[in-house]
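See structure below.
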Amino acid sequence: MSKKTAAPRELSPEEIEEYKDNFMLFDTKGDNKVQGDMLGSIVRALGFNPTQALVKTIAGEKLDEYTRVTWEEFFPMLQAVRETKREGKEGTVDDFFECFKVFDKEDNGQVNAGEMTHVLCTLAERLAEHELEPLMTKHVDAAGNLAYEEFINHIMSNPIDDI
C-alpha cells in the first residue's frame with residue numbers, strides 16, 4: 001500500500017533554476033543537452049532515489065547513449081520522479097536497512113561482502129561487479145565483512161560519488 005500524501009508543492013523559480021543548473025553540469029558537448037543514458041544519474045544527483053526500472057519507464061526511448069535530451073524534455077521526467085517520491089514508492093534508508101538485516105546473521109551490523117556482491121549482482125535490478133566494487137571497497141573490513149550502515153549512508157548521501 002502506497003503512502004500517498006498531499007500533492008508535491010510547486011517548485012519556486014529559484015529551485016527550478018538550481019535543478020536546471022545542475023542538469024547542465026552533465027552537458028559534455030555545450031549544446032544544452034545531456035546524453036540520454038545519464039538521466040538516472042542526473043535524477044540521483046538531484047537528490048532522488050528512483051529505481052532503474054522507474055528511470056526506464058519515465059525516460060523510455062530517450063534512455064540511450066545516442067539520444068541527447070534538453071532541459072525542457074527532462075523537466076517532466078523530474079516531475080514524475082518527484083511524484084513517485086511523494087507517493088512513497090522510492091526506497092528509503094529504513095527500507096535498505098531492513099533488506100541488509102536479512103543477511104546480517106550475527107546481528108552485528110555487518111554482512112559478508114562476497115554474499116552481498118553475489119546478491120546485488122544477480123537479483124532484481126542487477127549491478128555489474130565493476131559498478132559495485134568501488135562503492136563497497138571503502139566499507140569492507142579485513143575479514144571481508146561489509147559494514148552496511150556506513151555503506152547505506154554513503155550510497156544514500158552520495159548517489160553517484162566515485163562511480
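Residue numbering restarts at 1 for every chain of the C-alpha cells, chains are lettered A, B, ... in their displayed order, and ligands are numbered from 1 as they appear.
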Near Val93 of chain A, within 9 Å and counting only C-alpha atoms, which residues show up once chain neighbours fewer than 3 positions away are dropped, as a PyMOL selection string?
-> chain A and resi 96-98+152-153+156
Please produce a file of the residues just selected, as a PDB file, in the first residue's frame, where the atoms kept are N, CA, C and O atoms.
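Saved the output as out.pdb:
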```pdb
ATOM      1  N   PHE A  96      16.305   0.029   3.044  1.00  0.00           N
ATOM      2  CA  PHE A  96      17.583  -0.608   2.765  1.00  0.00           C
ATOM      3  C   PHE A  96      18.133  -1.326   4.002  1.00  0.00           C
ATOM      4  O   PHE A  96      18.678  -2.421   3.898  1.00  0.00           O
ATOM      5  N   PHE A  97      17.977  -0.707   5.173  1.00  0.00           N
ATOM      6  CA  PHE A  97      18.427  -1.372   6.407  1.00  0.00           C
ATOM      7  C   PHE A  97      17.699  -2.694   6.597  1.00  0.00           C
ATOM      8  O   PHE A  97      18.312  -3.704   6.953  1.00  0.00           O
ATOM      9  N   GLU A  98      16.401  -2.704   6.368  1.00  0.00           N
ATOM     10  CA  GLU A  98      15.621  -3.940   6.524  1.00  0.00           C
ATOM     11  C   GLU A  98      16.120  -5.018   5.580  1.00  0.00           C
ATOM     12  O   GLU A  98      16.209  -6.189   5.955  1.00  0.00           O
ATOM     13  N   ILE A 152      25.149   2.021   3.401  1.00  0.00           N
ATOM     14  CA  ILE A 152      23.846   2.592   3.043  1.00  0.00           C
ATOM     15  C   ILE A 152      23.889   4.108   3.168  1.00  0.00           C
ATOM     16  O   ILE A 152      23.429   4.820   2.268  1.00  0.00           O
ATOM     17  N   ASN A 153      24.454   4.618   4.243  1.00  0.00           N
ATOM     18  CA  ASN A 153      24.535   6.069   4.422  1.00  0.00           C
ATOM     19  C   ASN A 153      25.361   6.716   3.319  1.00  0.00           C
ATOM     20  O   ASN A 153      25.020   7.794   2.820  1.00  0.00           O
ATOM     21  N   MET A 156      23.244   6.588   0.027  1.00  0.00           N
ATOM     22  CA  MET A 156      22.093   7.486   0.055  1.00  0.00           C
ATOM     23  C   MET A 156      22.501   8.957   0.052  1.00  0.00           C
ATOM     24  O   MET A 156      21.760   9.805  -0.415  1.00  0.00           O
TER      25      MET A 156
END
```
Suppose you want the space between atom CA of Ala80 of chain A and atom CA of Ser41 of chain A; what is it in Å?
->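 Computing it gives 15.4 Å between the two atoms.
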Alpha helix (DSSP H) call set, DSSP backbone run, segment 61-104 of chain A, as a VMD selection string = chain A and resid 71 to 86 93 to 103
Selected residues written out, N, CA and C atoms, as a PDB file, in the first residue's frame:
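As written to disk, out05.pdb reads:
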```pdb
ATOM      1  N   TRP A  71      16.713  20.283 -21.423  1.00  0.00           N
ATOM      2  CA  TRP A  71      16.113  20.550 -20.116  1.00  0.00           C
ATOM      3  C   TRP A  71      14.594  20.466 -20.216  1.00  0.00           C
ATOM      4  N   GLU A  72      14.030  21.000 -21.278  1.00  0.00           N
ATOM      5  CA  GLU A  72      12.579  21.008 -21.457  1.00  0.00           C
ATOM      6  C   GLU A  72      12.022  19.578 -21.539  1.00  0.00           C
ATOM      7  N   GLU A  73      12.784  18.657 -22.103  1.00  0.00           N
ATOM      8  CA  GLU A  73      12.362  17.249 -22.159  1.00  0.00           C
ATOM      9  C   GLU A  73      12.567  16.570 -20.802  1.00  0.00           C
ATOM     10  N   PHE A  74      13.610  16.977 -20.102  1.00  0.00           N
ATOM     11  CA  PHE A  74      13.953  16.352 -18.823  1.00  0.00           C
ATOM     12  C   PHE A  74      13.031  16.777 -17.687  1.00  0.00           C
ATOM     13  N   PHE A  75      12.618  18.032 -17.660  1.00  0.00           N
ATOM     14  CA  PHE A  75      11.863  18.546 -16.518  1.00  0.00           C
ATOM     15  C   PHE A  75      10.595  17.733 -16.225  1.00  0.00           C
ATOM     16  N   PRO A  76       9.784  17.339 -17.215  1.00  0.00           N
ATOM     17  CA  PRO A  76       8.627  16.486 -16.897  1.00  0.00           C
ATOM     18  C   PRO A  76       9.032  15.137 -16.285  1.00  0.00           C
ATOM     19  N   MET A  77      10.178  14.625 -16.684  1.00  0.00           N
ATOM     20  CA  MET A  77      10.675  13.375 -16.094  1.00  0.00           C
ATOM     21  C   MET A  77      10.990  13.597 -14.611  1.00  0.00           C
ATOM     22  N   LEU A  78      11.634  14.724 -14.317  1.00  0.00           N
ATOM     23  CA  LEU A  78      11.954  15.068 -12.936  1.00  0.00           C
ATOM     24  C   LEU A  78      10.670  15.211 -12.117  1.00  0.00           C
ATOM     25  N   GLN A  79       9.658  15.831 -12.694  1.00  0.00           N
ATOM     26  CA  GLN A  79       8.377  15.984 -12.003  1.00  0.00           C
ATOM     27  C   GLN A  79       7.761  14.614 -11.708  1.00  0.00           C
ATOM     28  N   ALA A  80       7.886  13.673 -12.642  1.00  0.00           N
ATOM     29  CA  ALA A  80       7.359  12.325 -12.427  1.00  0.00           C
ATOM     30  C   ALA A  80       8.090  11.631 -11.285  1.00  0.00           C
ATOM     31  N   VAL A  81       9.395  11.840 -11.198  1.00  0.00           N
ATOM     32  CA  VAL A  81      10.168  11.259 -10.097  1.00  0.00           C
ATOM     33  C   VAL A  81       9.750  11.897  -8.771  1.00  0.00           C
ATOM     34  N   ARG A  82       9.539  13.198  -8.765  1.00  0.00           N
ATOM     35  CA  ARG A  82       9.058  13.881  -7.542  1.00  0.00           C
ATOM     36  C   ARG A  82       7.720  13.305  -7.101  1.00  0.00           C
ATOM     37  N   GLU A  83       6.836  13.035  -8.055  1.00  0.00           N
ATOM     38  CA  GLU A  83       5.522  12.466  -7.747  1.00  0.00           C
ATOM     39  C   GLU A  83       5.677  11.062  -7.156  1.00  0.00           C
ATOM     40  N   THR A  84       6.566  10.287  -7.710  1.00  0.00           N
ATOM     41  CA  THR A  84       6.818   8.936  -7.206  1.00  0.00           C
ATOM     42  C   THR A  84       7.319   8.989  -5.774  1.00  0.00           C
ATOM     43  N   LYS A  85       8.213   9.935  -5.489  1.00  0.00           N
ATOM     44  CA  LYS A  85       8.718  10.089  -4.124  1.00  0.00           C
ATOM     45  C   LYS A  85       7.579  10.456  -3.182  1.00  0.00           C
ATOM     46  N   ARG A  86       6.710  11.344  -3.625  1.00  0.00           N
ATOM     47  CA  ARG A  86       5.583  11.778  -2.809  1.00  0.00           C
ATOM     48  C   ARG A  86       4.671  10.594  -2.483  1.00  0.00           C
ATOM     49  N   VAL A  93      16.033   4.951   3.479  1.00  0.00           N
ATOM     50  CA  VAL A  93      17.144   4.385   4.241  1.00  0.00           C
ATOM     51  C   VAL A  93      16.649   3.193   5.070  1.00  0.00           C
ATOM     52  N   ASP A  94      15.502   3.340   5.703  1.00  0.00           N
ATOM     53  CA  ASP A  94      14.957   2.250   6.516  1.00  0.00           C
ATOM     54  C   ASP A  94      14.674   1.007   5.679  1.00  0.00           C
ATOM     55  N   ASP A  95      14.177   1.194   4.454  1.00  0.00           N
ATOM     56  CA  ASP A  95      13.929   0.057   3.565  1.00  0.00           C
ATOM     57  C   ASP A  95      15.234  -0.705   3.306  1.00  0.00           C
ATOM     58  N   PHE A  96      16.305   0.029   3.044  1.00  0.00           N
ATOM     59  CA  PHE A  96      17.583  -0.608   2.765  1.00  0.00           C
ATOM     60  C   PHE A  96      18.133  -1.326   4.002  1.00  0.00           C
ATOM     61  N   PHE A  97      17.977  -0.707   5.173  1.00  0.00           N
ATOM     62  CA  PHE A  97      18.427  -1.372   6.407  1.00  0.00           C
ATOM     63  C   PHE A  97      17.699  -2.694   6.597  1.00  0.00           C
ATOM     64  N   GLU A  98      16.401  -2.704   6.368  1.00  0.00           N
ATOM     65  CA  GLU A  98      15.621  -3.940   6.524  1.00  0.00           C
ATOM     66  C   GLU A  98      16.120  -5.018   5.580  1.00  0.00           C
ATOM     67  N   CYS A  99      16.444  -4.647   4.365  1.00  0.00           N
ATOM     68  CA  CYS A  99      16.964  -5.619   3.395  1.00  0.00           C
ATOM     69  C   CYS A  99      18.305  -6.202   3.839  1.00  0.00           C
ATOM     70  N   PHE A 100      19.199  -5.350   4.300  1.00  0.00           N
ATOM     71  CA  PHE A 100      20.512  -5.823   4.720  1.00  0.00           C
ATOM     72  C   PHE A 100      20.420  -6.663   5.994  1.00  0.00           C
ATOM     73  N   LYS A 101      19.489  -6.347   6.879  1.00  0.00           N
ATOM     74  CA  LYS A 101      19.341  -7.103   8.124  1.00  0.00           C
ATOM     75  C   LYS A 101      19.016  -8.575   7.860  1.00  0.00           C
ATOM     76  N   VAL A 102      18.365  -8.850   6.750  1.00  0.00           N
ATOM     77  CA  VAL A 102      18.055 -10.235   6.384  1.00  0.00           C
ATOM     78  C   VAL A 102      19.346 -11.053   6.259  1.00  0.00           C
ATOM     79  N   PHE A 103      20.404 -10.416   5.802  1.00  0.00           N
ATOM     80  CA  PHE A 103      21.683 -11.103   5.591  1.00  0.00           C
ATOM     81  C   PHE A 103      22.641 -10.968   6.775  1.00  0.00           C
TER      82      PHE A 103
END
```
Find the residues near segment 109-121 of chain A: any atom within 12 Å, counting only C-alpha atoms, skip ones fewer than 2 places away on the same chain, and give them as a ChimeraX atom specification.
-> /A:97-107,123-152
Nearest-residue call for Arg68 of chain A, choices A:His154, A:Gln35, A:Tyr19, A:Phe26, using only C-alpha atoms =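 Result for the nearest residue to Arg68 of chain A: A:Gln35.
Using only C-alpha atoms, the protein and nucleic acid residues lying no more than 8 Å from Leu63 of chain A, apart from those fewer than 6 places from it along its own chain, are Gly36, Asp37, Met38, Leu39 and Lys56 of chain A.
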Take the residues that were just selected and, keeping N, CA, C and O atoms, output them as an mmCIF file, in the first residue's frame.
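Full text of out29.cif as output:
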```cif
data_model
loop_
_atom_site.group_PDB
_atom_site.id
_atom_site.type_symbol
_atom_site.label_atom_id
_atom_site.label_comp_id
_atom_site.auth_asym_id
_atom_site.auth_seq_id
_atom_site.Cartn_x
_atom_site.Cartn_y
_atom_site.Cartn_z
ATOM 1 N N GLY A 36 21.339 10.715 -23.089
ATOM 2 C CA GLY A 36 20.181 10.013 -22.550
ATOM 3 C C GLY A 36 20.499 8.971 -21.503
ATOM 4 O O GLY A 36 19.738 8.794 -20.545
ATOM 5 N N ASP A 37 21.629 8.302 -21.630
ATOM 6 C CA ASP A 37 21.949 7.258 -20.656
ATOM 7 C C ASP A 37 22.423 7.826 -19.318
ATOM 8 O O ASP A 37 22.673 7.087 -18.375
ATOM 9 N N MET A 38 22.486 9.158 -19.212
ATOM 10 C CA MET A 38 22.865 9.805 -17.954
ATOM 11 C C MET A 38 21.654 10.254 -17.138
ATOM 12 O O MET A 38 21.810 10.764 -16.027
ATOM 13 N N LEU A 39 20.441 10.076 -17.653
ATOM 14 C CA LEU A 39 19.248 10.611 -16.988
ATOM 15 C C LEU A 39 19.084 10.088 -15.564
ATOM 16 O O LEU A 39 18.768 10.839 -14.653
ATOM 17 N N LYS A 56 13.719 3.906 -16.463
ATOM 18 C CA LYS A 56 13.412 3.386 -17.802
ATOM 19 C C LYS A 56 11.977 3.699 -18.199
ATOM 20 O O LYS A 56 11.710 4.050 -19.344
#
```
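Atom CA of Leu25 of chain A lies 22.2 Å from atom CA of Gly60 of chain A.
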Interatomic distance (Å, one decimal) between atom CA of Ser157 of chain A and atom CA of Glu61 of chain A |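 So the two atoms, atom CA of Ser157 of chain A and atom CA of Glu61 of chain A, lie 28.8 Å apart.
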